$ cat upload39.txt   # compact mmCIF, N, CA and C atoms
# COMPACT_ATOMS: atom_id res chain seq x y z
N MET A 28 6.44 17.83 -10.35
CA MET A 28 5.37 16.91 -10.66
C MET A 28 4.45 16.80 -9.45
N GLN A 29 3.18 16.71 -9.72
CA GLN A 29 2.20 16.60 -8.65
C GLN A 29 1.76 15.14 -8.51
N TYR A 30 1.81 14.64 -7.28
CA TYR A 30 1.42 13.27 -7.00
C TYR A 30 0.14 13.26 -6.17
N VAL A 31 -0.59 12.14 -6.24
CA VAL A 31 -1.70 11.98 -5.31
C VAL A 31 -1.11 11.73 -3.92
N PRO A 32 -1.83 12.08 -2.87
CA PRO A 32 -1.32 11.79 -1.52
C PRO A 32 -1.10 10.29 -1.31
N GLN A 33 -0.14 9.95 -0.46
CA GLN A 33 0.21 8.55 -0.22
C GLN A 33 -0.99 7.73 0.24
N ASP A 34 -1.88 8.32 1.06
CA ASP A 34 -3.04 7.56 1.52
C ASP A 34 -3.99 7.25 0.37
N VAL A 35 -4.07 8.11 -0.62
CA VAL A 35 -4.88 7.84 -1.81
C VAL A 35 -4.19 6.79 -2.67
N TYR A 36 -2.88 6.90 -2.79
CA TYR A 36 -2.08 5.98 -3.60
C TYR A 36 -2.23 4.54 -3.12
N THR A 37 -2.30 4.34 -1.82
CA THR A 37 -2.36 2.98 -1.26
C THR A 37 -3.77 2.57 -0.79
N MET A 38 -4.75 3.45 -0.96
CA MET A 38 -6.12 3.17 -0.48
C MET A 38 -6.68 1.91 -1.14
N GLU A 39 -7.19 1.00 -0.31
CA GLU A 39 -7.82 -0.22 -0.80
C GLU A 39 -9.21 0.11 -1.32
N MET A 40 -9.57 -0.51 -2.46
CA MET A 40 -10.89 -0.28 -3.04
C MET A 40 -11.31 -1.49 -3.86
N GLN A 41 -12.59 -1.55 -4.19
CA GLN A 41 -13.11 -2.59 -5.07
C GLN A 41 -12.97 -2.08 -6.49
N SER A 42 -12.02 -2.63 -7.22
CA SER A 42 -11.81 -2.21 -8.60
C SER A 42 -11.03 -3.29 -9.32
N VAL A 43 -10.51 -2.96 -10.47
CA VAL A 43 -9.72 -3.90 -11.25
C VAL A 43 -8.50 -4.37 -10.46
N PHE A 44 -7.85 -3.45 -9.76
CA PHE A 44 -6.76 -3.71 -8.83
C PHE A 44 -7.21 -3.21 -7.47
N PRO A 45 -6.64 -3.74 -6.38
CA PRO A 45 -7.08 -3.30 -5.06
C PRO A 45 -6.60 -1.91 -4.65
N SER A 46 -5.62 -1.33 -5.38
CA SER A 46 -5.17 0.02 -5.07
C SER A 46 -4.41 0.57 -6.28
N VAL A 47 -4.29 1.88 -6.32
CA VAL A 47 -3.51 2.52 -7.38
C VAL A 47 -2.06 2.07 -7.30
N SER A 48 -1.54 1.92 -6.08
CA SER A 48 -0.14 1.49 -5.94
C SER A 48 0.09 0.12 -6.55
N LYS A 49 -0.89 -0.76 -6.46
CA LYS A 49 -0.75 -2.10 -7.05
C LYS A 49 -0.76 -2.03 -8.58
N VAL A 50 -1.58 -1.13 -9.15
CA VAL A 50 -1.58 -0.97 -10.61
C VAL A 50 -0.23 -0.43 -11.06
N MET A 51 0.26 0.59 -10.37
CA MET A 51 1.54 1.20 -10.75
C MET A 51 2.67 0.17 -10.65
N SER A 52 2.66 -0.63 -9.62
CA SER A 52 3.69 -1.66 -9.45
C SER A 52 3.60 -2.70 -10.56
N HIS A 53 2.37 -3.03 -10.94
CA HIS A 53 2.16 -3.99 -12.03
C HIS A 53 2.71 -3.43 -13.35
N ILE A 54 2.42 -2.18 -13.64
CA ILE A 54 2.93 -1.56 -14.87
C ILE A 54 4.45 -1.59 -14.87
N TYR A 55 5.04 -1.22 -13.75
CA TYR A 55 6.50 -1.21 -13.65
C TYR A 55 7.07 -2.61 -13.87
N MET A 56 6.47 -3.59 -13.23
CA MET A 56 6.96 -4.96 -13.35
C MET A 56 6.91 -5.42 -14.81
N VAL A 57 5.81 -5.17 -15.49
CA VAL A 57 5.67 -5.60 -16.89
C VAL A 57 6.64 -4.84 -17.79
N ASP A 58 6.76 -3.52 -17.59
CA ASP A 58 7.72 -2.74 -18.37
C ASP A 58 9.13 -3.28 -18.18
N HIS A 59 9.47 -3.62 -16.96
CA HIS A 59 10.79 -4.16 -16.65
C HIS A 59 10.99 -5.52 -17.33
N CYS A 60 9.96 -6.35 -17.30
CA CYS A 60 10.01 -7.67 -17.93
C CYS A 60 10.30 -7.54 -19.42
N TRP A 61 9.58 -6.66 -20.11
CA TRP A 61 9.80 -6.49 -21.55
C TRP A 61 11.18 -5.91 -21.83
N TYR A 62 11.65 -5.04 -20.97
CA TYR A 62 13.01 -4.51 -21.16
C TYR A 62 14.03 -5.66 -21.08
N ASP A 63 13.86 -6.52 -20.11
CA ASP A 63 14.77 -7.66 -19.97
C ASP A 63 14.72 -8.56 -21.21
N ILE A 64 13.54 -8.76 -21.75
CA ILE A 64 13.39 -9.59 -22.96
C ILE A 64 14.11 -8.92 -24.13
N LEU A 65 13.90 -7.63 -24.30
CA LEU A 65 14.60 -6.90 -25.36
C LEU A 65 16.12 -6.97 -25.18
N SER A 66 16.55 -7.04 -23.93
CA SER A 66 17.99 -7.07 -23.63
C SER A 66 18.59 -8.47 -23.73
N GLY A 67 17.78 -9.46 -24.09
CA GLY A 67 18.33 -10.79 -24.34
C GLY A 67 17.92 -11.89 -23.39
N LYS A 68 17.19 -11.57 -22.33
CA LYS A 68 16.74 -12.64 -21.43
C LYS A 68 15.59 -13.40 -22.07
N SER A 69 15.48 -14.67 -21.72
CA SER A 69 14.31 -15.43 -22.16
C SER A 69 13.09 -14.89 -21.43
N MET A 70 11.92 -15.18 -21.97
CA MET A 70 10.70 -14.70 -21.30
C MET A 70 10.59 -15.31 -19.91
N ASN A 71 10.95 -16.59 -19.74
CA ASN A 71 10.89 -17.20 -18.41
C ASN A 71 11.83 -16.51 -17.43
N GLU A 72 13.06 -16.19 -17.87
CA GLU A 72 14.00 -15.47 -17.00
C GLU A 72 13.48 -14.09 -16.66
N ALA A 73 12.94 -13.40 -17.67
CA ALA A 73 12.43 -12.04 -17.45
C ALA A 73 11.24 -12.04 -16.50
N LEU A 74 10.34 -13.01 -16.65
CA LEU A 74 9.19 -13.11 -15.75
C LEU A 74 9.63 -13.41 -14.32
N ALA A 75 10.58 -14.30 -14.16
CA ALA A 75 11.08 -14.63 -12.81
C ALA A 75 11.70 -13.40 -12.16
N SER A 76 12.49 -12.67 -12.92
CA SER A 76 13.11 -11.45 -12.41
C SER A 76 12.05 -10.41 -12.05
N ALA A 77 11.08 -10.23 -12.93
CA ALA A 77 10.03 -9.24 -12.70
C ALA A 77 9.18 -9.61 -11.49
N ASN A 78 8.89 -10.90 -11.34
CA ASN A 78 8.09 -11.32 -10.18
C ASN A 78 8.81 -11.05 -8.86
N GLN A 79 10.13 -11.06 -8.87
CA GLN A 79 10.88 -10.71 -7.66
C GLN A 79 10.78 -9.21 -7.38
N LEU A 80 10.56 -8.41 -8.41
CA LEU A 80 10.48 -6.95 -8.24
C LEU A 80 9.15 -6.48 -7.69
N ILE A 81 8.09 -7.24 -7.90
CA ILE A 81 6.74 -6.75 -7.60
C ILE A 81 6.58 -6.35 -6.14
N GLU A 82 7.04 -7.16 -5.21
CA GLU A 82 6.89 -6.82 -3.79
C GLU A 82 7.70 -5.58 -3.45
N GLN A 83 8.91 -5.47 -4.00
CA GLN A 83 9.73 -4.29 -3.76
C GLN A 83 9.03 -3.04 -4.30
N ALA A 84 8.48 -3.16 -5.51
CA ALA A 84 7.80 -2.01 -6.12
C ALA A 84 6.56 -1.62 -5.33
N GLU A 85 5.82 -2.60 -4.85
CA GLU A 85 4.61 -2.30 -4.08
C GLU A 85 4.93 -1.61 -2.76
N ALA A 86 6.11 -1.81 -2.23
CA ALA A 86 6.50 -1.20 -0.94
C ALA A 86 6.99 0.24 -1.11
N LYS A 87 7.17 0.69 -2.34
CA LYS A 87 7.70 2.03 -2.60
C LYS A 87 6.61 3.08 -2.52
N SER A 88 7.00 4.28 -2.15
CA SER A 88 6.09 5.42 -2.25
C SER A 88 5.93 5.76 -3.72
N ILE A 89 4.97 6.59 -4.04
CA ILE A 89 4.76 6.98 -5.43
C ILE A 89 5.99 7.72 -5.97
N GLU A 90 6.62 8.53 -5.12
CA GLU A 90 7.82 9.26 -5.55
C GLU A 90 8.98 8.29 -5.84
N GLU A 91 9.12 7.28 -5.00
CA GLU A 91 10.19 6.28 -5.20
C GLU A 91 9.93 5.45 -6.46
N LEU A 92 8.67 5.10 -6.69
CA LEU A 92 8.35 4.33 -7.89
C LEU A 92 8.57 5.20 -9.14
N ASP A 93 8.26 6.47 -9.04
CA ASP A 93 8.52 7.39 -10.15
C ASP A 93 10.02 7.39 -10.50
N ALA A 94 10.86 7.37 -9.50
CA ALA A 94 12.31 7.32 -9.75
C ALA A 94 12.70 6.01 -10.44
N LEU A 95 12.08 4.90 -10.04
CA LEU A 95 12.35 3.62 -10.70
C LEU A 95 11.91 3.66 -12.17
N PHE A 96 10.73 4.24 -12.42
CA PHE A 96 10.25 4.38 -13.80
C PHE A 96 11.20 5.26 -14.61
N SER A 97 11.69 6.33 -14.01
CA SER A 97 12.63 7.22 -14.72
C SER A 97 13.90 6.48 -15.09
N ASP A 98 14.42 5.69 -14.17
CA ASP A 98 15.62 4.91 -14.45
C ASP A 98 15.37 3.90 -15.56
N LEU A 99 14.23 3.21 -15.50
CA LEU A 99 13.90 2.24 -16.54
C LEU A 99 13.72 2.93 -17.89
N SER A 100 13.13 4.09 -17.87
CA SER A 100 12.97 4.87 -19.11
C SER A 100 14.31 5.19 -19.74
N GLU A 101 15.29 5.56 -18.93
CA GLU A 101 16.63 5.85 -19.45
C GLU A 101 17.27 4.59 -20.04
N ARG A 102 17.02 3.45 -19.41
CA ARG A 102 17.57 2.20 -19.95
C ARG A 102 16.92 1.85 -21.29
N TYR A 103 15.60 2.07 -21.40
CA TYR A 103 14.92 1.86 -22.68
C TYR A 103 15.51 2.80 -23.74
N LYS A 104 15.66 4.08 -23.40
CA LYS A 104 16.21 5.05 -24.37
C LYS A 104 17.60 4.62 -24.84
N ALA A 105 18.44 4.18 -23.92
CA ALA A 105 19.79 3.75 -24.29
C ALA A 105 19.72 2.51 -25.19
N PHE A 106 18.84 1.59 -24.87
CA PHE A 106 18.70 0.40 -25.70
C PHE A 106 18.29 0.79 -27.11
N PHE A 107 17.27 1.63 -27.24
CA PHE A 107 16.77 1.98 -28.56
C PHE A 107 17.74 2.86 -29.33
N SER A 108 18.56 3.62 -28.65
CA SER A 108 19.55 4.44 -29.35
C SER A 108 20.61 3.56 -30.03
N ARG A 109 20.75 2.33 -29.57
CA ARG A 109 21.72 1.40 -30.16
C ARG A 109 21.11 0.55 -31.29
N GLN A 110 19.80 0.66 -31.49
CA GLN A 110 19.13 -0.18 -32.48
C GLN A 110 19.05 0.53 -33.83
N ASP A 111 19.35 -0.20 -34.88
CA ASP A 111 19.20 0.36 -36.22
C ASP A 111 18.13 -0.38 -37.02
N ASN A 112 17.52 -1.40 -36.39
CA ASN A 112 16.50 -2.18 -37.09
C ASN A 112 15.41 -2.59 -36.10
N MET A 113 14.37 -1.78 -36.01
CA MET A 113 13.28 -2.10 -35.09
C MET A 113 12.42 -3.26 -35.59
N ASP A 114 12.65 -3.68 -36.83
CA ASP A 114 11.95 -4.85 -37.35
C ASP A 114 12.68 -6.15 -37.03
N GLN A 115 13.84 -6.03 -36.37
CA GLN A 115 14.57 -7.23 -35.94
C GLN A 115 13.65 -8.09 -35.10
N THR A 116 13.72 -9.40 -35.31
CA THR A 116 12.82 -10.29 -34.57
C THR A 116 13.58 -11.10 -33.53
N ILE A 117 12.84 -11.45 -32.51
CA ILE A 117 13.32 -12.37 -31.48
C ILE A 117 12.22 -13.41 -31.28
N GLU A 118 12.59 -14.54 -30.75
CA GLU A 118 11.60 -15.58 -30.49
C GLU A 118 11.22 -15.54 -29.02
N LEU A 119 9.92 -15.50 -28.80
CA LEU A 119 9.39 -15.52 -27.44
C LEU A 119 8.90 -16.92 -27.12
N ASP A 120 9.20 -17.37 -25.91
CA ASP A 120 8.66 -18.63 -25.40
C ASP A 120 7.76 -18.25 -24.23
N ASN A 121 6.56 -17.83 -24.58
CA ASN A 121 5.61 -17.36 -23.58
C ASN A 121 4.97 -18.54 -22.88
N PRO A 122 5.16 -18.67 -21.55
CA PRO A 122 4.61 -19.83 -20.85
C PRO A 122 3.09 -19.90 -20.88
N TYR A 123 2.43 -18.79 -21.23
CA TYR A 123 0.97 -18.76 -21.27
C TYR A 123 0.42 -18.92 -22.67
N ALA A 124 1.25 -18.61 -23.69
CA ALA A 124 0.72 -18.60 -25.06
C ALA A 124 1.58 -19.37 -26.06
N GLY A 125 2.76 -19.81 -25.69
CA GLY A 125 3.60 -20.58 -26.59
C GLY A 125 4.65 -19.75 -27.30
N PHE A 126 5.21 -20.35 -28.36
CA PHE A 126 6.29 -19.73 -29.12
C PHE A 126 5.74 -18.81 -30.20
N ARG A 127 6.48 -17.72 -30.44
CA ARG A 127 6.20 -16.87 -31.59
C ARG A 127 7.38 -15.95 -31.79
N LYS A 128 7.58 -15.55 -33.04
CA LYS A 128 8.57 -14.53 -33.35
C LYS A 128 7.87 -13.18 -33.31
N THR A 129 8.56 -12.20 -32.80
CA THR A 129 8.02 -10.85 -32.76
C THR A 129 9.15 -9.86 -32.96
N SER A 130 8.81 -8.68 -33.40
CA SER A 130 9.83 -7.66 -33.65
C SER A 130 9.97 -6.74 -32.44
N TYR A 131 11.08 -6.04 -32.41
CA TYR A 131 11.26 -5.02 -31.38
C TYR A 131 10.11 -4.01 -31.44
N ALA A 132 9.72 -3.62 -32.66
CA ALA A 132 8.64 -2.64 -32.82
C ALA A 132 7.34 -3.15 -32.21
N GLU A 133 7.04 -4.44 -32.39
CA GLU A 133 5.82 -5.00 -31.80
C GLU A 133 5.90 -5.00 -30.27
N ILE A 134 7.08 -5.25 -29.74
CA ILE A 134 7.23 -5.23 -28.28
C ILE A 134 7.00 -3.82 -27.75
N VAL A 135 7.53 -2.82 -28.45
CA VAL A 135 7.29 -1.43 -28.03
C VAL A 135 5.79 -1.14 -28.02
N LEU A 136 5.10 -1.56 -29.07
CA LEU A 136 3.65 -1.35 -29.12
C LEU A 136 2.96 -2.03 -27.95
N GLN A 137 3.39 -3.25 -27.60
CA GLN A 137 2.82 -3.96 -26.45
C GLN A 137 3.04 -3.17 -25.15
N VAL A 138 4.26 -2.69 -24.94
CA VAL A 138 4.57 -1.94 -23.71
C VAL A 138 3.69 -0.70 -23.62
N VAL A 139 3.60 0.03 -24.71
CA VAL A 139 2.80 1.26 -24.72
C VAL A 139 1.33 0.95 -24.49
N ASN A 140 0.79 -0.03 -25.21
CA ASN A 140 -0.63 -0.36 -25.05
C ASN A 140 -0.94 -0.86 -23.64
N HIS A 141 -0.07 -1.65 -23.08
CA HIS A 141 -0.27 -2.16 -21.73
C HIS A 141 -0.35 -1.00 -20.73
N GLY A 142 0.61 -0.09 -20.82
CA GLY A 142 0.61 1.07 -19.92
C GLY A 142 -0.62 1.95 -20.10
N THR A 143 -1.02 2.14 -21.35
CA THR A 143 -2.21 2.96 -21.64
C THR A 143 -3.45 2.33 -21.02
N TYR A 144 -3.60 1.05 -21.19
CA TYR A 144 -4.75 0.34 -20.63
C TYR A 144 -4.83 0.55 -19.12
N HIS A 145 -3.71 0.38 -18.44
CA HIS A 145 -3.74 0.49 -16.98
C HIS A 145 -3.80 1.93 -16.49
N ARG A 146 -3.32 2.89 -17.27
CA ARG A 146 -3.53 4.30 -16.88
C ARG A 146 -5.02 4.61 -16.90
N GLY A 147 -5.76 3.99 -17.82
CA GLY A 147 -7.22 4.13 -17.82
C GLY A 147 -7.83 3.55 -16.55
N ASN A 148 -7.30 2.40 -16.10
CA ASN A 148 -7.76 1.82 -14.83
C ASN A 148 -7.55 2.81 -13.69
N ILE A 149 -6.35 3.40 -13.65
CA ILE A 149 -6.02 4.34 -12.58
C ILE A 149 -6.95 5.54 -12.61
N SER A 150 -7.19 6.06 -13.80
CA SER A 150 -8.09 7.20 -13.93
C SER A 150 -9.47 6.87 -13.37
N ALA A 151 -10.00 5.72 -13.73
CA ALA A 151 -11.32 5.29 -13.23
C ALA A 151 -11.29 5.08 -11.72
N MET A 152 -10.21 4.50 -11.20
CA MET A 152 -10.10 4.26 -9.76
C MET A 152 -10.09 5.57 -8.99
N LEU A 153 -9.33 6.55 -9.48
CA LEU A 153 -9.28 7.85 -8.80
C LEU A 153 -10.64 8.53 -8.82
N ARG A 154 -11.33 8.48 -9.93
CA ARG A 154 -12.67 9.06 -10.00
C ARG A 154 -13.63 8.35 -9.04
N GLN A 155 -13.48 7.03 -8.94
CA GLN A 155 -14.33 6.22 -8.07
C GLN A 155 -14.23 6.68 -6.61
N ILE A 156 -13.05 7.15 -6.19
CA ILE A 156 -12.89 7.57 -4.80
C ILE A 156 -12.93 9.09 -4.64
N GLY A 157 -13.41 9.77 -5.69
CA GLY A 157 -13.66 11.21 -5.58
C GLY A 157 -12.48 12.11 -5.89
N HIS A 158 -11.46 11.60 -6.56
CA HIS A 158 -10.32 12.43 -6.93
C HIS A 158 -10.29 12.63 -8.43
N ALA A 159 -9.90 13.82 -8.81
CA ALA A 159 -9.80 14.10 -10.24
C ALA A 159 -8.64 13.31 -10.83
N SER A 160 -8.83 12.83 -12.02
CA SER A 160 -7.73 12.18 -12.72
C SER A 160 -7.20 13.17 -13.74
N VAL A 161 -6.23 12.74 -14.49
CA VAL A 161 -5.66 13.61 -15.53
C VAL A 161 -5.90 12.97 -16.88
N MET A 162 -5.84 13.78 -17.91
CA MET A 162 -5.96 13.27 -19.27
C MET A 162 -4.72 12.44 -19.58
N THR A 163 -4.90 11.32 -20.23
CA THR A 163 -3.77 10.46 -20.56
C THR A 163 -3.58 10.31 -22.06
N GLU A 164 -4.23 11.16 -22.83
CA GLU A 164 -4.10 11.10 -24.29
C GLU A 164 -2.67 11.42 -24.71
N PHE A 165 -2.11 10.60 -25.58
CA PHE A 165 -0.74 10.81 -26.05
C PHE A 165 -0.62 12.15 -26.78
N ALA A 166 -1.64 12.54 -27.53
CA ALA A 166 -1.57 13.81 -28.26
C ALA A 166 -1.41 15.00 -27.31
N LEU A 167 -1.96 14.91 -26.10
CA LEU A 167 -1.76 16.00 -25.13
C LEU A 167 -0.31 16.07 -24.71
N PHE A 168 0.38 14.94 -24.65
CA PHE A 168 1.79 14.89 -24.33
C PHE A 168 2.60 15.66 -25.37
N TRP A 169 2.21 15.54 -26.65
CA TRP A 169 2.93 16.27 -27.70
C TRP A 169 2.96 17.76 -27.39
N TYR A 170 1.78 18.29 -27.01
CA TYR A 170 1.68 19.73 -26.77
C TYR A 170 2.36 20.14 -25.47
N ALA A 171 2.30 19.28 -24.47
CA ALA A 171 2.99 19.59 -23.20
C ALA A 171 4.50 19.65 -23.42
N LYS A 172 5.03 18.73 -24.22
CA LYS A 172 6.47 18.73 -24.51
C LYS A 172 6.85 19.95 -25.34
N GLN A 173 5.95 20.41 -26.20
CA GLN A 173 6.20 21.58 -27.05
C GLN A 173 6.35 22.83 -26.20
N ASP A 174 5.60 22.91 -25.08
CA ASP A 174 5.63 24.10 -24.22
C ASP A 174 6.84 24.14 -23.30
N GLU A 175 7.60 23.07 -23.22
CA GLU A 175 8.75 23.04 -22.32
C GLU A 175 9.90 23.85 -22.86

$ encode --input "upload39.txt" --output "structure tokens"
Amino acid sequence: MQYVPQDVYTMEMQSVFPSVSKVMSHIYMVDHCWYDILSGKSMNEALASANQLIEQAEAKSIEELDALFSDLSERYKAFFSRQDNMDQTIELDNPYAGFRKTSYAEIVLQVVNHGTYHRGNISAMLRQIGHASVMTEFALFWYAKQDE
């Protein structure tokens, strides 16, 4: 896998986030939070746990954060391999928006959409500082996986 250089990864800039590393840490923190919720933690517990991770994630190199994402991905895969009903609902007590029931499938959609949104931020940030970004279209992933 090809990574941007560490100085580009941590470069401060005027954008949606102050650096690519901060966006990546944010994505990881939110992905981790939703995983904890799916695993049975309350939203308040998951947010508290995720907020403790953010500084640790921000201190990691891009390669180290990639390893954390890989580990979290394996935990998501294991969780979903045990599920036989993605329409199963859980109740969220969101401190910002209140109570609501939501399904596992809706949470997956939230995780994917959140990551997609911020990958777009990263792409724009890299272009802003003169570096090429990569295509982030999911359909391109289908074909890349086909060639493996």

$ residues_around --input "upload39.txt" --residues "range 137-142 of chain A" --least-positions-apart "2" --cutoff "10 Å" --atoms "only C-alpha atoms" --output "ChimeraX atom specification"
/A:50-51,53-55,57-62,131-135,144-148

$ select_by_dssp --input "upload39.txt" --residues "chain A" --states "alpha helix (DSSP H)" --output "PyMOL selection string"
chain A and resi 33-36+47-65+70-85+89-108+131-155+165-173

$ closest_residue --input "upload39.txt" --among "A:Arg102, A:Asp63, A:Arg109, A:Met56" --to "Ala84 in chain A" --atoms "all atoms listed in the file"
A:Met56

$ residues_around --input "upload39.txt" --residues "range 32-40 of chain A" --least-positions-apart "3" --cutoff "7 Å" --atoms "only N, CA and C atoms" --output "list in words"
Val43, Phe44, Pro45, Ser46, Val47, Ser48, Lys49, Ser88 and Ile89 of chain A

$ select_by_dssp --input "upload39.txt" --residues "range 31-172 of chain A" --states "strand (DSSP E or B)" --output "number ranges by chain"
A: 116-121, 125-130

$ atom_distance --input "upload39.txt" --atom1 "CA of Asn71 in chain A" --atom2 "CA of Asp120 in chain A"
7.5 Å

$ closest_residue --input "upload39.txt" --among "A:Ser52, A:Asn121, A:Gln29, A:Ser108" --to "Ile149 in chain A" --atoms "only C-alpha atoms"
A:Ser52

$ atom_distance --input "upload39.txt" --atom1 "CA of Ser42 in chain A" --atom2 "atom C of Val161 in chain A"
18.3 Å

$ atom_distance --input "upload39.txt" --atom1 "CA of Met162 in chain A" --atom2 "CA of Glu85 in chain A"
24.2 Å

$ residues_around --input "upload39.txt" --residues "Thr129 in chain A" --least-positions-apart "6" --cutoff "9 Å" --atoms "only C-alpha atoms" --output "ChimeraX atom specification"
/A:114-119

$ write_last_selection --input "upload39.txt" --atoms "N, CA and C atoms" --output "compact mmCIF listing (two decimals), in the coordinates of the input"
# COMPACT_ATOMS: atom_id res chain seq x y z
N ASP A 114 12.65 -3.68 -36.83
CA ASP A 114 11.95 -4.85 -37.35
C ASP A 114 12.68 -6.15 -37.03
N GLN A 115 13.84 -6.03 -36.37
CA GLN A 115 14.57 -7.23 -35.94
C GLN A 115 13.65 -8.09 -35.10
N THR A 116 13.72 -9.40 -35.31
CA THR A 116 12.82 -10.29 -34.57
C THR A 116 13.58 -11.10 -33.53
N ILE A 117 12.84 -11.45 -32.51
CA ILE A 117 13.32 -12.37 -31.48
C ILE A 117 12.22 -13.41 -31.28
N GLU A 118 12.59 -14.54 -30.75
CA GLU A 118 11.60 -15.58 -30.49
C GLU A 118 11.22 -15.54 -29.02
N LEU A 119 9.92 -15.50 -28.80
CA LEU A 119 9.39 -15.52 -27.44
C LEU A 119 8.90 -16.92 -27.12

$ decode --input "upload39.txt" --residues "range 72-83 of chain A" --atoms "C-alpha atoms" --output "PDB file, in the first residue's frame"
ATOM      1  CA  GLU A  72     -20.196   4.710  27.087  1.00  0.00           C
ATOM      2  CA  ALA A  73     -19.102   4.355  23.461  1.00  0.00           C
ATOM      3  CA  LEU A  74     -18.537   8.104  23.082  1.00  0.00           C
ATOM      4  CA  ALA A  75     -16.507   8.255  26.300  1.00  0.00           C
ATOM      5  CA  SER A  76     -14.366   5.339  25.151  1.00  0.00           C
ATOM      6  CA  ALA A  77     -13.914   6.818  21.671  1.00  0.00           C
ATOM      7  CA  ASN A  78     -12.979  10.225  23.064  1.00  0.00           C
ATOM      8  CA  GLN A  79     -10.165   8.559  25.015  1.00  0.00           C
ATOM      9  CA  LEU A  80      -8.890   7.044  21.745  1.00  0.00           C
ATOM     10  CA  ILE A  81      -8.683  10.270  19.753  1.00  0.00           C
ATOM     11  CA  GLU A  82      -5.401  11.546  21.215  1.00  0.00           C
ATOM     12  CA  GLN A  83      -3.805   8.110  20.875  1.00  0.00           C
TER      13      GLN A  83
END
